[in-house]
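J.: entry03.txt is the file, holding compact mmCIF, C-alpha atoms and all ligand atoms:
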```txt
# COMPACT_ATOMS: atom_id res chain seq x y z
CA MET A 38 142.33 136.95 22.07
CA THR A 39 142.95 136.47 25.79
CA ASP A 40 146.13 135.58 27.67
CA ALA A 41 144.59 132.25 28.71
CA VAL A 42 145.34 130.68 25.32
CA LEU A 43 148.95 131.87 25.03
CA ASP A 44 151.10 128.73 24.92
CA VAL A 45 154.88 129.25 25.09
CA ARG A 46 157.00 126.14 24.58
CA LYS A 47 160.25 124.88 23.04
CA ALA A 48 160.06 124.64 19.26
CA SER A 49 160.19 121.41 17.30
CA MET A 50 161.07 120.59 13.71
CA ARG A 51 157.46 120.88 12.60
CA ASP A 52 157.45 124.56 13.64
CA ILE A 53 160.16 125.44 11.13
CA PRO A 54 157.96 126.52 8.16
CA LYS A 55 155.92 128.88 10.35
CA ILE A 56 159.01 130.31 12.09
CA LEU A 57 160.70 130.90 8.71
CA GLU A 58 157.63 132.70 7.38
CA LEU A 59 157.62 135.00 10.42
CA ILE A 60 161.36 135.76 10.55
CA ASN A 61 161.68 136.26 6.81
CA SER A 62 158.71 138.63 6.78
CA TYR A 63 160.88 140.93 8.94
CA ALA A 64 164.05 140.11 6.99
CA VAL A 65 162.64 141.57 3.77
CA LYS A 66 162.18 144.85 5.66
CA GLY A 67 165.82 144.77 6.85
CA ILE A 68 164.76 144.38 10.49
CA MET A 69 166.13 140.85 10.95
CA LEU A 70 168.62 138.58 9.21
CA PRO A 71 167.02 136.09 6.82
CA ARG A 72 167.07 132.43 7.83
CA THR A 73 167.07 129.28 5.71
CA GLU A 74 165.55 125.85 6.35
CA PHE A 75 169.05 124.49 6.79
CA GLU A 76 169.99 127.07 9.46
CA MET A 77 166.68 126.58 11.23
CA SER A 78 167.14 122.81 11.35
CA GLU A 79 170.62 123.27 12.77
CA ASN A 80 169.45 125.75 15.44
CA ILE A 81 165.89 124.64 16.20
CA ARG A 82 166.85 123.60 19.74
CA ASP A 83 167.58 127.28 20.50
CA PHE A 84 164.01 128.29 19.69
CA SER A 85 160.90 128.83 21.76
CA VAL A 86 157.52 129.55 20.19
CA ALA A 87 154.29 131.21 21.31
CA TYR A 88 151.04 129.77 19.94
CA ASP A 89 147.36 130.42 20.16
CA GLY A 90 146.02 126.98 19.27
CA ASP A 91 147.80 126.09 16.05
CA VAL A 92 148.48 129.74 15.12
CA LEU A 93 152.08 130.85 15.61
CA LEU A 94 152.14 134.25 17.33
CA GLY A 95 155.87 134.65 17.88
CA CYS A 96 159.28 133.04 18.26
CA ALA A 97 162.62 133.70 19.92
CA ALA A 98 165.93 131.90 20.32
CA LEU A 99 168.53 131.58 23.07
CA HIS A 100 171.91 130.99 21.47
CA PHE A 101 174.75 129.97 23.78
CA TYR A 102 177.98 131.86 23.19
CA THR A 103 180.18 130.97 26.15
CA PRO A 104 179.64 128.70 29.18
CA THR A 105 178.15 131.72 30.98
CA THR A 106 176.48 133.90 28.33
CA ALA A 107 173.87 133.59 25.61
CA GLU A 108 172.26 135.83 23.02
CA VAL A 109 168.53 136.43 22.72
CA ARG A 110 167.97 136.48 18.97
CA SER A 111 165.40 135.86 16.25
CA LEU A 112 162.75 137.46 18.47
CA ALA A 113 159.69 138.17 16.34
CA VAL A 114 155.97 138.57 16.93
CA TRP A 115 153.36 138.76 14.16
CA PRO A 116 152.02 142.33 14.41
CA HIS A 117 148.58 141.50 12.97
CA LEU A 118 148.00 138.52 15.27
CA SER A 119 149.55 139.84 18.40
CA ARG A 120 148.09 141.00 21.65
CA HIS A 121 149.87 142.52 24.60
CA GLY A 122 152.59 140.41 26.19
CA VAL A 123 153.66 137.87 23.54
CA GLY A 124 157.19 139.28 23.23
CA ARG A 125 157.45 139.56 26.99
CA SER A 126 156.36 135.93 27.47
CA LEU A 127 158.97 134.73 24.99
CA VAL A 128 161.82 136.68 26.59
CA THR A 129 160.71 135.58 30.07
CA SER A 130 160.80 131.98 28.88
CA LEU A 131 164.30 132.38 27.41
CA GLU A 132 165.49 134.03 30.61
CA ALA A 133 164.19 131.08 32.63
CA GLU A 134 166.03 128.75 30.27
CA ALA A 135 169.22 130.79 30.75
CA ARG A 136 168.88 130.59 34.51
CA GLU A 137 168.29 126.80 34.34
CA ASN A 138 171.62 126.65 32.51
CA ASP A 139 173.35 128.75 35.20
CA LEU A 140 174.19 131.57 32.81
CA ASP A 141 175.47 134.85 34.23
CA ALA A 142 174.11 137.12 31.50
CA ILE A 143 172.02 137.31 28.36
CA PHE A 144 172.44 139.92 25.66
CA ALA A 145 170.91 141.06 22.38
CA PHE A 146 171.56 143.34 19.43
CA THR A 147 168.38 145.21 18.67
CA TYR A 148 166.50 148.08 17.02
CA VAL A 149 163.96 148.05 19.89
CA PRO A 150 165.97 148.94 23.03
CA GLY A 151 162.79 150.28 24.64
CA PHE A 152 161.24 146.83 24.58
CA PHE A 153 164.38 145.26 26.10
CA ALA A 154 164.52 147.99 28.76
CA LYS A 155 161.05 146.85 29.83
CA MET A 156 162.51 143.33 30.12
CA GLY A 157 165.26 144.56 32.48
CA PHE A 158 168.10 144.85 29.96
CA ILE A 159 170.54 147.78 30.01
CA GLU A 160 172.29 149.35 27.05
CA VAL A 161 176.01 148.57 26.78
CA GLU A 162 178.77 149.56 24.38
CA ARG A 163 178.69 147.42 21.25
CA GLY A 164 182.38 146.70 21.78
CA GLU A 165 181.57 144.85 24.99
CA LEU A 166 179.97 142.05 22.99
CA PRO A 167 182.39 141.46 20.13
CA LEU A 168 182.03 137.69 19.85
CA LYS A 169 178.88 138.34 17.85
CA ALA A 170 180.98 139.82 15.08
CA TRP A 171 182.54 136.45 14.36
CA LYS A 172 179.24 134.85 13.48
CA ASP A 173 176.05 136.49 12.22
CA CYS A 174 177.53 139.97 11.70
CA LEU A 175 179.92 138.73 9.05
CA ARG A 176 177.05 137.97 6.68
CA CYS A 177 174.97 141.01 7.57
CA PRO A 178 174.62 143.64 4.80
CA LYS A 179 174.93 146.32 7.50
CA PHE A 180 178.23 144.94 8.84
CA GLN A 181 180.20 148.12 7.96
CA ASN A 182 177.42 150.43 9.11
CA CYS A 183 175.69 148.69 11.98
CA ASP A 184 173.02 150.66 13.81
CA GLU A 185 171.80 147.96 16.20
CA ILE A 186 172.01 148.65 19.93
CA ALA A 187 173.64 146.19 22.32
CA VAL A 188 171.66 145.35 25.45
CA LEU A 189 172.53 143.09 28.35
CA LYS A 190 170.78 141.58 31.33
CA SER A 191 172.83 140.24 34.23
CA LEU A 192 171.43 137.10 35.80
CA SER A 193 174.01 136.98 38.57
CA ASP A 194 176.38 139.34 40.37
CA ARG A 195 179.08 138.28 37.93
CA GLY A 196 176.94 139.02 34.84
CA ARG A 197 178.69 141.87 33.05
CA ALA A 198 182.18 140.80 34.07
CA LYS A 199 181.53 137.32 32.72
CA VAL A 200 180.58 138.64 29.31
CA LEU A 201 183.90 140.45 29.09
CA GLU A 202 185.98 137.54 30.35
CA PRO A 203 186.24 135.54 27.11
CA LEU A 204 187.87 138.54 25.42
CA GLN A 205 190.95 138.07 27.51
CA THR A 206 191.33 134.41 26.59
CA ILE A 207 190.02 134.19 23.01
CA GLU A 208 192.52 132.98 20.44
CA LEU A 209 192.19 133.39 16.70
CA VAL A 210 192.04 130.10 14.81
CA GLN A 211 193.86 129.72 11.51
CA LEU A 212 191.34 128.46 8.96
CA PRO A 213 192.63 125.62 6.77
CA THR A 214 193.26 126.62 3.13
CA PRO A 215 193.18 124.26 0.11
CA ALA A 216 196.51 122.56 -0.65
CA ARG A 217 198.22 124.37 -3.51
CA ILE A 218 198.95 121.25 -5.59
CA GLY A 219 201.29 121.94 -8.49
CA TYR A 220 201.83 125.56 -7.46
CA ARG A 221 205.30 126.94 -8.02
C1 LIG B 301 159.76 143.84 19.62
C2 LIG B 301 158.64 142.81 19.65
C3 LIG B 301 159.21 141.42 19.78
C4 LIG B 301 157.75 143.14 20.87
O1 LIG B 301 156.77 142.14 21.00
P1 LIG B 301 155.33 142.46 21.62
O2 LIG B 301 154.61 141.20 21.77
O3 LIG B 301 154.71 143.54 20.81
O4 LIG B 301 155.73 143.08 23.03
P2 LIG B 301 154.90 142.97 24.42
O5 LIG B 301 153.46 143.20 24.12
O6 LIG B 301 155.26 141.72 25.10
O7 LIG B 301 155.49 144.23 25.19
C5 LIG B 301 156.09 144.15 26.47
C6 LIG B 301 156.37 145.58 26.93
O8 LIG B 301 157.30 146.20 26.02
C7 LIG B 301 156.72 147.37 25.46
N1 LIG B 301 157.14 147.45 24.06
C8 LIG B 301 156.81 146.63 23.05
N2 LIG B 301 157.42 147.00 21.91
C9 LIG B 301 158.14 148.10 22.22
C10 LIG B 301 158.97 148.96 21.45
N3 LIG B 301 159.18 148.76 20.14
N4 LIG B 301 159.55 150.00 22.10
C11 LIG B 301 159.36 150.20 23.42
N5 LIG B 301 158.58 149.40 24.21
C12 LIG B 301 157.97 148.38 23.58
C13 LIG B 301 155.22 147.17 25.58
O9 LIG B 301 154.54 148.41 25.63
C14 LIG B 301 155.12 146.43 26.90
O10 LIG B 301 155.24 147.31 28.00
P3 LIG B 301 154.26 147.16 29.30
O11 LIG B 301 154.27 145.70 29.68
O12 LIG B 301 154.86 148.06 30.31
O13 LIG B 301 152.92 147.61 28.82
C15 LIG B 301 157.76 142.91 18.37
O14 LIG B 301 157.29 144.22 18.21
C16 LIG B 301 158.48 142.51 17.09
O15 LIG B 301 158.43 141.35 16.68
N6 LIG B 301 159.18 143.48 16.44
C17 LIG B 301 159.83 143.24 15.15
C18 LIG B 301 161.03 142.32 15.23
C19 LIG B 301 162.09 142.84 16.18
O16 LIG B 301 162.49 144.00 16.14
N7 LIG B 301 162.60 141.93 17.03
C20 LIG B 301 163.64 142.22 17.97
C21 LIG B 301 164.92 141.62 17.47
S1 LIG B 301 166.20 141.81 18.70
```
As C-alpha cells, how would this structure be written, given the file I've shared?
Ligand SMILES: CC(C)(COP(=O)(O)OP(=O)(O)OC[C@H]1O[C@@H](n2cnc3c(N)ncnc32)[C@H](O)[C@@H]1OP(=O)(O)O)[C@@H](O)C(=O)NCCC(=O)NCCS

T.:
Amino acid sequence: MTDAVLDVRKASMRDIPKILELINSYAVKGIMLPRTEFEMSENIRDFSVAYDGDVLLGCAALHFYTPTTAEVRSLAVWPHLSRHGVGRSLVTSLEAEARENDLDAIFAFTYVPGFFAKMGFIEVERGELPLKAWKDCLRCPKFQNCDEIAVLKSLSDRGRAKVLEPLQTIELVQLPTPARIGYR
C-alpha cells in the first residue's frame, strides 16, 4: 500500500458495521470499550475514518466535553491492514477539527502514551481530567483499577487551564427517582 490511497474523512452511517467490527476486535482483548450499534448511531458524527478504497483501515472520534475541550477516543487501526501513518493521519484530522471548533485542548486516556507523545500530547495526572469518570468510566470493568494514562495536547495558550476550569463550576445533578406510589 502507498500513502497516495489513504483517504481520511468524516464517517457516515454506512461506516458503522465496519467501525464496530474494528473497535470490538480490540474490545475483546480489553484494549478498548465495546460499542453497540445504538451507541455508534448516536455518536457517528464524532467519528472520522481512514480508507484505502472501500477497505476500512482505521477510525477515531472527537467527543466534545466542554465548550473548549474534547476527547480523542475510539482510535483504532487494523494491524494486519495498516501501513505507517494511519493513526497519525486520523489524529491529525481530529486535531484540525478541534481547531476549527476553537477548542483549547484535546485529551485522551490511553495504553499507548508513546504514540500520543509522537502526536505532541503530554502526560498529565489522571485527576486533571475527571469529567471522563462521569461517562464511559462508569461502565468500564477496570473502573476500580484503571491503568490508562491521561494525555493532553494544548491547542492554545489557555489549553491546560481550560481543561481544569469546568471543575470549579461543575454541579452535581440529582437524578430523578421513580415515584414511590403506595409506599408507607
Ligand atoms: C495506537 C495506534 C492507533 C497507532 O496507529 P498506527 O497507524 O500504527 O500509528 P502510525 O503509523 O500513524 O504511527 C505514528 C507514529 O507513532 C509511533 N507509534 C505507533 N504506535 C506506537 C506505540 N504503540 N508506541 C509508541 N509509538 C508508536 C510510530 O512509530 C510513528 O512514529 P514516527 O512517525 O516517528 O515513525 C494503533 O496501533 C492501534 O490501533 N492500537 C490499538 C488500539 C489502541 O490502543 N488505540 C488507542 C486508544 S486511546

J.: Can you pull out every residue within 6 Å of segment 133-145 of chain A, counting all atoms listed in the file, but drop anything in the same chain fewer than 4 positions away, and send it as a PyMOL selection string?

T.: chain A and resi 105-109+187-193+196

J.: Per residue of chain A within 7 Å of ligand LIG 301 (chain B), which atom pair is closest and at what distance in Å (one decimal), using all atoms listed in the file, listed by chain and increasing number, as JSON lines?

T.:
```
{"residue": "A:Tyr63", "atom": "CA", "partner": "B:LIG301", "partner_atom": "C18", "distance": 6.4}
{"residue": "A:Ile68", "atom": "CA", "partner": "B:LIG301", "partner_atom": "O16", "distance": 6.1}
{"residue": "A:Met69", "atom": "CA", "partner": "B:LIG301", "partner_atom": "C21", "distance": 6.7}
{"residue": "A:Arg110", "atom": "CA", "partner": "B:LIG301", "partner_atom": "S1", "distance": 5.6}
{"residue": "A:Ser111", "atom": "CA", "partner": "B:LIG301", "partner_atom": "C21", "distance": 5.9}
{"residue": "A:Leu112", "atom": "CA", "partner": "B:LIG301", "partner_atom": "N7", "distance": 4.7}
{"residue": "A:Ala113", "atom": "CA", "partner": "B:LIG301", "partner_atom": "O15", "distance": 3.4}
{"residue": "A:Val114", "atom": "CA", "partner": "B:LIG301", "partner_atom": "O15", "distance": 3.7}
{"residue": "A:Trp115", "atom": "CA", "partner": "B:LIG301", "partner_atom": "O15", "distance": 6.2}
{"residue": "A:Pro116", "atom": "CA", "partner": "B:LIG301", "partner_atom": "O14", "distance": 6.8}
{"residue": "A:Ser119", "atom": "CA", "partner": "B:LIG301", "partner_atom": "O2", "distance": 6.2}
{"residue": "A:Arg120", "atom": "CA", "partner": "B:LIG301", "partner_atom": "O5", "distance": 6.3}
{"residue": "A:His121", "atom": "CA", "partner": "B:LIG301", "partner_atom": "O5", "distance": 3.7}
{"residue": "A:Gly122", "atom": "CA", "partner": "B:LIG301", "partner_atom": "O6", "distance": 3.2}
{"residue": "A:Val123", "atom": "CA", "partner": "B:LIG301", "partner_atom": "O2", "distance": 3.9}
{"residue": "A:Gly124", "atom": "CA", "partner": "B:LIG301", "partner_atom": "O2", "distance": 3.5}
{"residue": "A:Arg125", "atom": "CA", "partner": "B:LIG301", "partner_atom": "O6", "distance": 3.6}
{"residue": "A:Ser126", "atom": "CA", "partner": "B:LIG301", "partner_atom": "O6", "distance": 6.4}
{"residue": "A:Ala145", "atom": "CA", "partner": "B:LIG301", "partner_atom": "S1", "distance": 6.0}
{"residue": "A:Phe146", "atom": "CA", "partner": "B:LIG301", "partner_atom": "S1", "distance": 5.6}
{"residue": "A:Thr147", "atom": "CA", "partner": "B:LIG301", "partner_atom": "S1", "distance": 4.0}
{"residue": "A:Tyr148", "atom": "CA", "partner": "B:LIG301", "partner_atom": "O16", "distance": 5.8}
{"residue": "A:Val149", "atom": "CA", "partner": "B:LIG301", "partner_atom": "N3", "distance": 4.8}
{"residue": "A:Pro150", "atom": "CA", "partner": "B:LIG301", "partner_atom": "N4", "distance": 6.6}
{"residue": "A:Gly151", "atom": "CA", "partner": "B:LIG301", "partner_atom": "C11", "distance": 3.6}
{"residue": "A:Phe152", "atom": "CA", "partner": "B:LIG301", "partner_atom": "N5", "distance": 3.7}
{"residue": "A:Lys155", "atom": "CA", "partner": "B:LIG301", "partner_atom": "O8", "distance": 5.4}
```

J.: Residues within 7 Å of Tyr88 of chain A, please, as an MDAnalysis selection string. Count only C-alpha atoms; anything in the same chain fewer than 6 positions from it doesn't count.

T.: chainID A and resid 43:45 94

J.: For atom CA of Met156 of chain A and atom CA of Glu132 of chain A, determine how far apart the two atoms are, in Å to one decimal place.

T.: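 Atom CA of Glu132 of chain A lies 9.8 Å from atom CA of Met156 of chain A.
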
J.: Could you give me, as a list of chain:residue names, the residues within 12 Å of Phe75 of chain A, counting only C-alpha atoms and dropping anything in the same chain fewer than 2 positions from it?

T.: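 Residues meeting the cut-off are A:Met50, A:Ile53, A:Pro54, A:Leu57, A:Pro71, A:Arg72, A:Thr73, A:Met77, A:Ser78, A:Glu79, A:Asn80, A:Ile81.
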
J.: Nearest to Gly157 of chain A among A:Val128, A:Glu185, A:Lys47, A:Ile56, with distances taken over all atoms listed in the file: which residue is it?

T.: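 Closest residue, counting all atoms listed in the file: A:Val128.
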
J.: Could you work out how far atom CA of Phe101 of chain A lies from atom CA of Arg82 of chain A, giving the answer in Å with one decimal?

T.: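 Between these atoms lies a distance of 10.9 Å.
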
J.: What is the atom CA of Leu127 of chain A-atom CA of Glu58 of chain A distance in Å, reported with one decimal?

T.: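 Taking atom CA of Leu127 of chain A and atom CA of Glu58 of chain A, their separation equals 17.8 Å.
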